[in-house]
Amino acid sequence: MMTESRNNLKFSSDLGLEMYQLIEQLYPICRSITGNGVRQTLKIIQQLLPFLNIQEVSSGTPVFDWTVPREWNIRDAYVKNAQGERIIDFQKSNLHVLSYSLPVKAKITLGALKYHIFKIHDHPDWIPYRTSYYNERWGFCLSHNQLQELADEEYEVCIDSSLSNGSLTYGEYFLQGESQDEVLFSCHVCHPSLCNDNLSGIALVTFLAKHLSVLSRKYSYRFLFIPGTIGSITWLSENQTQIFKIKHGLVLAGLGAPGKYTYKKSRQGDTEIDRAMIHVLKHFGQDHEILEFFPYGYDERQYCSPAFNLPIGCLMRPMHGRYAEYHTSGDNLDFVHPQYLAESFSTCFATLQILENNKTFVNQNPHCEPQLGRRGLYNTIGDKELAMLWVLNLSDGHHSLLSIAERSGLPFAQVQSAAEILSKHGLLKEL
Ligand SMILES: [Zn+2]
C-alpha cells in the first residue's frame, strides 16, 4: 500500500521534466470552457492516461441553476493596419482574443477599435487574459506598448470564431482501490496559453494519476480535468448519487512557479485532508500559508457549496491574483520550472501517503508502559523510542496516527514506523 518513500520523489528532476514537457506540448493550444481546445488537450493527456474518459455534455443541458453554454471555437483572428499588415495576430498569441468573442469582420476607426481593447498598465509588454463567457461581445487583448503604437487610421478586424450548439467536454480518470471510498483530484482545463494557471495543475493531476495507477491503493481515486466553474457544476450535477463516496479531495492550481505554497482549507476546515496537507507543509519545512475557506477562487467553491460541503481543499503556489504574471502573457514557459513541479508533486504525494496509512490502533498493554527493553525496543531515548512512547500512550482507539503525529510534533512517517514495529511485537492492534 503506497510503500514508496516520499524522499525518493523529492526533487525528482526526471519527473519535473516530464511534467514540464507536457506543459510545453499543451501551451500553444487555445482552450476555453468549451470547444476543440479542450478536446485536443484531453487527447494529449490520453496518451499518458489511456483510460481517460472524455465526456461530452450537450449545450442547453440544465445543471443546477446554470445551463451548459454553447460551444465556442476559433480558427483565426487579427487586426490589420492600413498597409494590410497583421499588427495583432492570434497566430502569435491566443491571448490576443477575448475568450468567447463573437465572430466579427469589419473596417473600423481607431476610436471604435479602442472600445473593444483590453490591456494592463503595470507590465507594458504583457498581454492580459480576458474572457466574456456569459456576455456576448468581441474584443482583443493587447500589451500597453502595442496599444501605444496604434496610429489613428482605419483598421480591418477579423475574428473567425463560432458560437453554436455543441457540448461541454471534460475528462475523468478513475482508479479503483481496495475501498469504494474516494479521493478526488480536480484541475481546470479552460485557460489558453497560461502555464502556472493552470497547465501546472493539469500536469500535476496527470502525473499523480499515472503514478498512482501502478501502486496498490487503499482508496479509489478520481481525477477530473474540467473547465472552471461550469465544469465542476456540470460534473456535480451529473454525479449527484456518487458524491457520498468522496472522502477527501484537492483542487490543484498554480503549482509550477516559485513562491510559497498556499493551502486553502475545505469549508469544514478540520477534515483529514486539511490536517494531512498542513502536516506535510509544516514537516517538509516549506514556506507556506494556510487560509481558511472563502467562497471565491477555483472549483472548491462548487465542491464546498452548502449542499455538498465536501472535504476538499485547494493547493496553490502562489495563490491566484497574488503574482504579477497571473492571467497575463507573463505566465509563460519561462515562469514555470521542472523543479517546482516536482516539489509540488512530492507535497501532494506525501499528503496521499498520510491518507493511505492513517490508521487507529489500540494499545494491547495499556496498564502502565510495556517493558520495551525486554523486547529489544529500548536502548537510550531517541526519536524512535519517543515515537513509540507517544504511539503507545495515545493508541486508546480515539487517536489516529495523524492525531498522534500532530500532538507529538513528530513527522507522520516516524509515528507510522513506530506503530509498525509495535504491531509486529503484538503491542498494538488496529481498531
Ligand atoms: Zn485563471
# chains A, B, ... in the order shown; residues from 1 in each chain; ligands from 1
$ closest_atom_pairs --of "chain A" --to "ligand 1" --cutoff "12 Å" --atoms "only C-alpha atoms and all ligand atoms" --output "JSON lines"
{"residue": "A:Arg31", "atom": "CA", "partner": "ligand 1", "partner_atom_place_in_ligand_line": "1 (Zn)", "distance": 11.9}
{"residue": "A:Ser32", "atom": "CA", "partner": "ligand 1", "partner_atom_place_in_ligand_line": "1 (Zn)", "distance": 11.0}
{"residue": "A:Ile33", "atom": "CA", "partner": "ligand 1", "partner_atom_place_in_ligand_line": "1 (Zn)", "distance": 11.5}
{"residue": "A:Pro128", "atom": "CA", "partner": "ligand 1", "partner_atom_place_in_ligand_line": "1 (Zn)", "distance": 11.4}
{"residue": "A:Tyr129", "atom": "CA", "partner": "ligand 1", "partner_atom_place_in_ligand_line": "1 (Zn)", "distance": 8.6}
{"residue": "A:Arg130", "atom": "CA", "partner": "ligand 1", "partner_atom_place_in_ligand_line": "1 (Zn)", "distance": 9.6}
{"residue": "A:Thr131", "atom": "CA", "partner": "ligand 1", "partner_atom_place_in_ligand_line": "1 (Zn)", "distance": 10.1}
{"residue": "A:Cys187", "atom": "CA", "partner": "ligand 1", "partner_atom_place_in_ligand_line": "1 (Zn)", "distance": 10.9}
{"residue": "A:His188", "atom": "CA", "partner": "ligand 1", "partner_atom_place_in_ligand_line": "1 (Zn)", "distance": 8.5}
{"residue": "A:Val189", "atom": "CA", "partner": "ligand 1", "partner_atom_place_in_ligand_line": "1 (Zn)", "distance": 9.7}
{"residue": "A:Cys190", "atom": "CA", "partner": "ligand 1", "partner_atom_place_in_ligand_line": "1 (Zn)", "distance": 8.4}
{"residue": "A:His191", "atom": "CA", "partner": "ligand 1", "partner_atom_place_in_ligand_line": "1 (Zn)", "distance": 6.6}
{"residue": "A:Pro192", "atom": "CA", "partner": "ligand 1", "partner_atom_place_in_ligand_line": "1 (Zn)", "distance": 9.7}
{"residue": "A:Ser193", "atom": "CA", "partner": "ligand 1", "partner_atom_place_in_ligand_line": "1 (Zn)", "distance": 11.0}
{"residue": "A:Leu194", "atom": "CA", "partner": "ligand 1", "partner_atom_place_in_ligand_line": "1 (Zn)", "distance": 8.4}
{"residue": "A:Cys195", "atom": "CA", "partner": "ligand 1", "partner_atom_place_in_ligand_line": "1 (Zn)", "distance": 10.2}
{"residue": "A:Asn196", "atom": "CA", "partner": "ligand 1", "partner_atom_place_in_ligand_line": "1 (Zn)", "distance": 9.1}
{"residue": "A:Asp197", "atom": "CA", "partner": "ligand 1", "partner_atom_place_in_ligand_line": "1 (Zn)", "distance": 5.4}
{"residue": "A:Asn198", "atom": "CA", "partner": "ligand 1", "partner_atom_place_in_ligand_line": "1 (Zn)", "distance": 6.8}
{"residue": "A:Leu199", "atom": "CA", "partner": "ligand 1", "partner_atom_place_in_ligand_line": "1 (Zn)", "distance": 10.3}
{"residue": "A:Ser200", "atom": "CA", "partner": "ligand 1", "partner_atom_place_in_ligand_line": "1 (Zn)", "distance": 11.7}
{"residue": "A:Gly201", "atom": "CA", "partner": "ligand 1", "partner_atom_place_in_ligand_line": "1 (Zn)", "distance": 11.1}
{"residue": "A:Pro227", "atom": "CA", "partner": "ligand 1", "partner_atom_place_in_ligand_line": "1 (Zn)", "distance": 10.5}
{"residue": "A:Gly228", "atom": "CA", "partner": "ligand 1", "partner_atom_place_in_ligand_line": "1 (Zn)", "distance": 8.2}
{"residue": "A:Thr229", "atom": "CA", "partner": "ligand 1", "partner_atom_place_in_ligand_line": "1 (Zn)", "distance": 10.7}
{"residue": "A:Leu252", "atom": "CA", "partner": "ligand 1", "partner_atom_place_in_ligand_line": "1 (Zn)", "distance": 11.9}
{"residue": "A:Ala253", "atom": "CA", "partner": "ligand 1", "partner_atom_place_in_ligand_line": "1 (Zn)", "distance": 8.7}
{"residue": "A:Gly254", "atom": "CA", "partner": "ligand 1", "partner_atom_place_in_ligand_line": "1 (Zn)", "distance": 8.9}
{"residue": "A:Tyr296", "atom": "CA", "partner": "ligand 1", "partner_atom_place_in_ligand_line": "1 (Zn)", "distance": 11.9}
{"residue": "A:Gly297", "atom": "CA", "partner": "ligand 1", "partner_atom_place_in_ligand_line": "1 (Zn)", "distance": 8.8}
{"residue": "A:Tyr298", "atom": "CA", "partner": "ligand 1", "partner_atom_place_in_ligand_line": "1 (Zn)", "distance": 8.0}
{"residue": "A:Asp299", "atom": "CA", "partner": "ligand 1", "partner_atom_place_in_ligand_line": "1 (Zn)", "distance": 10.9}
{"residue": "A:Met316", "atom": "CA", "partner": "ligand 1", "partner_atom_place_in_ligand_line": "1 (Zn)", "distance": 11.8}
{"residue": "A:Met319", "atom": "CA", "partner": "ligand 1", "partner_atom_place_in_ligand_line": "1 (Zn)", "distance": 10.5}
{"residue": "A:His320", "atom": "CA", "partner": "ligand 1", "partner_atom_place_in_ligand_line": "1 (Zn)", "distance": 7.2}
{"residue": "A:Gly321", "atom": "CA", "partner": "ligand 1", "partner_atom_place_in_ligand_line": "1 (Zn)", "distance": 8.8}
{"residue": "A:Arg322", "atom": "CA", "partner": "ligand 1", "partner_atom_place_in_ligand_line": "1 (Zn)", "distance": 11.9}
{"residue": "A:Tyr323", "atom": "CA", "partner": "ligand 1", "partner_atom_place_in_ligand_line": "1 (Zn)", "distance": 12.0}
{"residue": "A:Glu325", "atom": "CA", "partner": "ligand 1", "partner_atom_place_in_ligand_line": "1 (Zn)", "distance": 11.1}
{"residue": "A:Tyr326", "atom": "CA", "partner": "ligand 1", "partner_atom_place_in_ligand_line": "1 (Zn)", "distance": 7.5}
{"residue": "A:His327", "atom": "CA", "partner": "ligand 1", "partner_atom_place_in_ligand_line": "1 (Zn)", "distance": 6.1}
{"residue": "A:Thr328", "atom": "CA", "partner": "ligand 1", "partner_atom_place_in_ligand_line": "1 (Zn)", "distance": 9.7}
{"residue": "A:Asp331", "atom": "CA", "partner": "ligand 1", "partner_atom_place_in_ligand_line": "1 (Zn)", "distance": 10.6}
$ write_last_selection --atoms "C-alpha atoms" --output "PDB file, in the first residue's frame"
ATOM      1  CA  ARG A  31      -8.593  26.418 -24.709  1.00  0.00           C
ATOM      2  CA  SER A  32     -11.801  27.863 -23.352  1.00  0.00           C
ATOM      3  CA  ILE A  33     -14.692  26.499 -21.274  1.00  0.00           C
ATOM      4  CA  PRO A 128      -3.782  40.313 -20.406  1.00  0.00           C
ATOM      5  CA  TYR A 129      -6.044  37.233 -20.405  1.00  0.00           C
ATOM      6  CA  ARG A 130      -9.710  38.198 -20.501  1.00  0.00           C
ATOM      7  CA  THR A 131     -12.937  36.259 -21.013  1.00  0.00           C
ATOM      8  CA  CYS A 187      -7.976  20.819 -12.142  1.00  0.00           C
ATOM      9  CA  HIS A 188      -9.288  23.324 -14.670  1.00  0.00           C
ATOM     10  CA  VAL A 189      -8.601  22.919 -18.395  1.00  0.00           C
ATOM     11  CA  CYS A 190     -10.182  26.107 -19.739  1.00  0.00           C
ATOM     12  CA  HIS A 191      -7.253  28.549 -19.970  1.00  0.00           C
ATOM     13  CA  PRO A 192      -5.396  29.230 -23.233  1.00  0.00           C
ATOM     14  CA  SER A 193      -1.596  29.752 -23.232  1.00  0.00           C
ATOM     15  CA  LEU A 194      -1.082  30.192 -19.491  1.00  0.00           C
ATOM     16  CA  CYS A 195       1.389  27.930 -17.716  1.00  0.00           C
ATOM     17  CA  ASN A 196       1.106  28.249 -13.975  1.00  0.00           C
ATOM     18  CA  ASP A 197      -2.633  28.902 -14.101  1.00  0.00           C
ATOM     19  CA  ASN A 198      -3.309  26.124 -14.964  1.00  0.00           C
ATOM     20  CA  LEU A 199      -1.180  23.888 -17.159  1.00  0.00           C
ATOM     21  CA  SER A 200       0.802  23.181 -13.975  1.00  0.00           C
ATOM     22  CA  GLY A 201      -2.343  21.784 -12.310  1.00  0.00           C
ATOM     23  CA  PRO A 227     -13.483  23.726 -17.395  1.00  0.00           C
ATOM     24  CA  GLY A 228     -13.529  26.080 -14.388  1.00  0.00           C
ATOM     25  CA  THR A 229     -16.847  26.709 -12.586  1.00  0.00           C
ATOM     26  CA  LEU A 252      -4.709  21.772  -7.713  1.00  0.00           C
ATOM     27  CA  ALA A 253      -3.864  25.094  -9.346  1.00  0.00           C
ATOM     28  CA  GLY A 254      -0.791  27.221  -9.943  1.00  0.00           C
ATOM     29  CA  TYR A 296     -14.271  32.600  -4.409  1.00  0.00           C
ATOM     30  CA  GLY A 297     -11.284  31.133  -6.203  1.00  0.00           C
ATOM     31  CA  TYR A 298     -11.287  27.825  -8.102  1.00  0.00           C
ATOM     32  CA  ASP A 299     -13.673  24.855  -8.207  1.00  0.00           C
ATOM     33  CA  MET A 316      -1.711  26.688  -4.867  1.00  0.00           C
ATOM     34  CA  MET A 319      -2.166  31.975  -4.874  1.00  0.00           C
ATOM     35  CA  HIS A 320      -4.190  33.322  -7.810  1.00  0.00           C
ATOM     36  CA  GLY A 321      -4.089  37.088  -8.072  1.00  0.00           C
ATOM     37  CA  ARG A 322      -1.008  37.350  -5.839  1.00  0.00           C
ATOM     38  CA  TYR A 323       1.633  37.208  -8.567  1.00  0.00           C
ATOM     39  CA  GLU A 325       2.171  37.165 -14.075  1.00  0.00           C
ATOM     40  CA  TYR A 326      -1.325  35.891 -13.119  1.00  0.00           C
ATOM     41  CA  HIS A 327      -3.710  35.993 -16.108  1.00  0.00           C
ATOM     42  CA  THR A 328      -1.140  37.629 -18.405  1.00  0.00           C
ATOM     43  CA  ASP A 331       2.587  33.323 -17.144  1.00  0.00           C
TER      44      ASP A 331
END
$ select_by_dssp --residues "stretch 91-324 of chain A" --states "strand (DSSP E or B)" --output "JSON, numbers by chain"
{"A": [97, 99, 104, 105, 106, 107, 108, 109, 117, 118, 128, 131, 140, 141, 154, 155, 156, 157, 158, 159, 160, 161, 162, 163, 164, 167, 168, 169, 170, 171, 172, 173, 174, 175, 182, 183, 184, 185, 186, 187, 188, 220, 221, 222, 223, 224, 225, 226, 246, 247, 248, 249, 250, 251, 252, 261, 262, 263, 264, 288, 289, 290, 291, 312, 313, 314, 315, 316]}
$ atom_distance --atom1 "atom CA of A:Cys348" --atom2 "atom CA of A:Met277"
7.8 Å
$ closest_residue --among "A:Leu208, A:Ile87, A:Leu147, A:Val336" --to "A:His121" --atoms "only C-alpha atoms"
A:Leu147
$ closest_atom_pairs --of "stretch 134-207 of chain A" --to "stretch 46-57 of chain A" --cutoff "12 Å" --atoms "only C-alpha atoms" --output "CSV"
residue,atom,partner,partner_atom,distance
A:Asn165,CA,A:Val57,CA,10.9
A:Gly166,CA,A:Val57,CA,8.4
A:Ser167,CA,A:Val57,CA,5.1
A:Leu168,CA,A:Val57,CA,5.1
A:Thr169,CA,A:Glu56,CA,4.6
A:Tyr170,CA,A:Gln55,CA,5.4
A:Gly171,CA,A:Ile54,CA,4.6
A:Glu172,CA,A:Asn53,CA,5.1
A:Tyr173,CA,A:Leu52,CA,4.7
A:Phe174,CA,A:Leu52,CA,7.8
A:Leu175,CA,A:Phe51,CA,9.6
A:Ile202,CA,A:Leu48,CA,12.0
A:Ala203,CA,A:Leu48,CA,10.5
A:Val205,CA,A:Leu49,CA,10.7
A:Thr206,CA,A:Leu49,CA,7.4
A:Phe207,CA,A:Leu48,CA,8.3
$ closest_residue --among "A:Gly139, A:Lys282, A:Glu156, A:Ser99" --to "A:Ala350" --atoms "only C-alpha atoms"
A:Lys282
$ residues_around --residues "stretch 301-304 of chain A" --least-positions-apart "3" --cutoff "10 Å" --atoms "only C-alpha atoms" --output "list in words"
Ser186, Gly228, Thr229, Ile230, Gly231, Ser232, Ile233, Leu236, Ile243, Gly249, Leu250, Val251, Ser266, Arg267, Gln268, Phe293, Phe294, Pro295, Tyr296, Gly297, Tyr298, Ala307, Phe308, Asn309, Leu310, Pro311, Ile312, Gly313 and Cys314 of chain A
$ write_last_selection --atoms "N, CA and C atoms" --output "short mmCIF file (atom, residue, chain, number, x, y, z; two decimals), in the first residue's frame"
data_model
loop_
_atom_site.label_atom_id
_atom_site.label_comp_id
_atom_site.auth_asym_id
_atom_site.auth_seq_id
_atom_site.Cartn_x
_atom_site.Cartn_y
_atom_site.Cartn_z
N SER A 186 -8.97 17.56 -8.75
CA SER A 186 -9.65 18.36 -9.77
C SER A 186 -8.73 19.48 -10.26
N GLY A 228 -13.26 25.44 -15.68
CA GLY A 228 -13.53 26.08 -14.39
C GLY A 228 -14.99 26.43 -14.20
N THR A 229 -15.49 26.36 -13.02
CA THR A 229 -16.85 26.71 -12.59
C THR A 229 -17.92 25.86 -13.28
N ILE A 230 -18.17 26.10 -14.57
CA ILE A 230 -19.26 25.38 -15.24
C ILE A 230 -18.95 23.88 -15.30
N GLY A 231 -17.66 23.53 -15.35
CA GLY A 231 -17.26 22.12 -15.41
C GLY A 231 -17.56 21.40 -14.11
N SER A 232 -17.21 22.01 -12.98
CA SER A 232 -17.46 21.34 -11.69
C SER A 232 -18.97 21.33 -11.40
N ILE A 233 -19.67 22.41 -11.79
CA ILE A 233 -21.13 22.43 -11.60
C ILE A 233 -21.76 21.30 -12.42
N LEU A 236 -20.82 17.83 -10.85
CA LEU A 236 -21.59 17.59 -9.62
C LEU A 236 -23.05 17.28 -9.94
N ILE A 243 -21.66 11.18 -5.05
CA ILE A 243 -20.82 12.14 -4.36
C ILE A 243 -20.48 11.72 -2.92
N GLY A 249 -10.33 15.37 -0.88
CA GLY A 249 -10.09 15.87 -2.23
C GLY A 249 -9.24 17.12 -2.24
N LEU A 250 -8.65 17.36 -3.42
CA LEU A 250 -7.82 18.54 -3.60
C LEU A 250 -8.08 19.15 -4.97
N VAL A 251 -8.21 20.46 -5.00
CA VAL A 251 -8.17 21.21 -6.24
C VAL A 251 -6.72 21.68 -6.37
N SER A 266 -10.69 23.26 3.33
CA SER A 266 -12.07 22.97 2.94
C SER A 266 -13.02 23.84 3.75
N ARG A 267 -14.25 23.90 3.34
CA ARG A 267 -15.25 24.70 4.07
C ARG A 267 -15.41 24.18 5.50
N GLN A 268 -15.32 22.85 5.67
CA GLN A 268 -15.43 22.28 7.02
C GLN A 268 -14.23 22.70 7.88
N PHE A 293 -11.27 28.69 4.46
CA PHE A 293 -12.10 28.69 3.24
C PHE A 293 -12.74 30.05 3.01
N PHE A 294 -12.79 30.45 1.75
CA PHE A 294 -13.56 31.64 1.37
C PHE A 294 -14.25 31.33 0.05
N PRO A 295 -15.42 31.92 -0.21
CA PRO A 295 -16.24 31.45 -1.34
C PRO A 295 -15.92 32.08 -2.70
N TYR A 296 -14.65 32.33 -3.02
CA TYR A 296 -14.27 32.60 -4.41
C TYR A 296 -12.93 31.92 -4.64
N GLY A 297 -12.51 31.85 -5.90
CA GLY A 297 -11.28 31.13 -6.20
C GLY A 297 -11.53 30.12 -7.30
N TYR A 298 -11.15 28.86 -7.07
CA TYR A 298 -11.29 27.83 -8.10
C TYR A 298 -12.52 26.94 -7.81
N ALA A 307 -24.79 22.38 -0.13
CA ALA A 307 -25.46 21.07 -0.28
C ALA A 307 -24.45 19.93 -0.34
N PHE A 308 -23.21 20.22 -0.76
CA PHE A 308 -22.20 19.16 -0.87
C PHE A 308 -21.22 19.22 0.31
N ASN A 309 -20.68 20.41 0.55
CA ASN A 309 -19.77 20.63 1.68
C ASN A 309 -18.71 19.53 1.76
N LEU A 310 -18.08 19.25 0.62
CA LEU A 310 -17.14 18.13 0.55
C LEU A 310 -15.82 18.47 1.23
N PRO A 311 -15.14 17.45 1.72
CA PRO A 311 -13.83 17.68 2.36
C PRO A 311 -12.76 17.89 1.28
N ILE A 312 -12.82 19.02 0.62
CA ILE A 312 -11.91 19.30 -0.49
C ILE A 312 -11.26 20.66 -0.27
N GLY A 313 -9.92 20.66 -0.25
CA GLY A 313 -9.16 21.90 -0.11
C GLY A 313 -8.51 22.26 -1.44
N CYS A 314 -7.74 23.34 -1.42
CA CYS A 314 -7.11 23.79 -2.67
C CYS A 314 -5.65 24.15 -2.39
#
$ residues_around --residues "A:Asp125" --least-positions-apart "6" --cutoff "9 Å" --atoms "only C-alpha atoms" --output "list in words"
Leu142, Ser143, His144, Asn145, Gln146, Ser329 and Gly330 of chain A
$ residues_around --residues "A:Asp160" --least-positions-apart "5" --cutoff "10 Å" --atoms "only C-alpha atoms" --output "list in words"
Asn73, Ile74, Arg75, Asp76, Ala77, Tyr78, Ser101, Leu102, Pro103, Val104 and Lys105 of chain A
$ atom_distance --atom1 "atom CA of A:Met19" --atom2 "atom CA of A:His337"
9.4 Å
$ closest_atom_pairs --of "stretch 255-328 of chain A" --to "stretch 398-420 of chain A" --cutoff "10 Å" --atoms "only C-alpha atoms" --output "tab-separated table"
residue	atom	partner	partner_atom	distance
A:Glu272	CA	A:Leu402	CA	8.6
A:Arg275	CA	A:Leu402	CA	8.0
A:Ala276	CA	A:Leu402	CA	7.3
A:Ile278	CA	A:Glu406	CA	9.9
A:His279	CA	A:Glu406	CA	7.3
A:Val280	CA	A:Pro411	CA	8.3
A:Lys282	CA	A:Pro411	CA	9.2
A:His283	CA	A:Pro411	CA	6.3
A:Phe284	CA	A:Pro411	CA	9.2
$ atom_distance --atom1 "atom CA of A:Gln148" --atom2 "atom CA of A:Ser93"
18.5 Å
$ select_by_dssp --residues "stretch 123-317 of chain A" --states "helix (DSSP H, G or I)" --output "PyMOL selection string"
chain A and resi 144-148+195-212+230-238+243-245+272-283+300-303
$ closest_residue --among "A:Asn81, A:Gln176, A:Thr67, A:Thr380" --to "A:Thr109" --atoms "only C-alpha atoms"
A:Asn81
$ residues_around --residues "A:Leu389" --least-positions-apart "3" --cutoff "10 Å" --atoms "only C-alpha atoms" --output "PyMOL selection string"
chain A and resi 369-370+372+381+383-386+392-395+415+418
$ closest_residue --among "A:Asp181, A:Asp270, A:Glu24, A:Glu71" --to "A:Asn36" --atoms "only C-alpha atoms"
A:Glu71
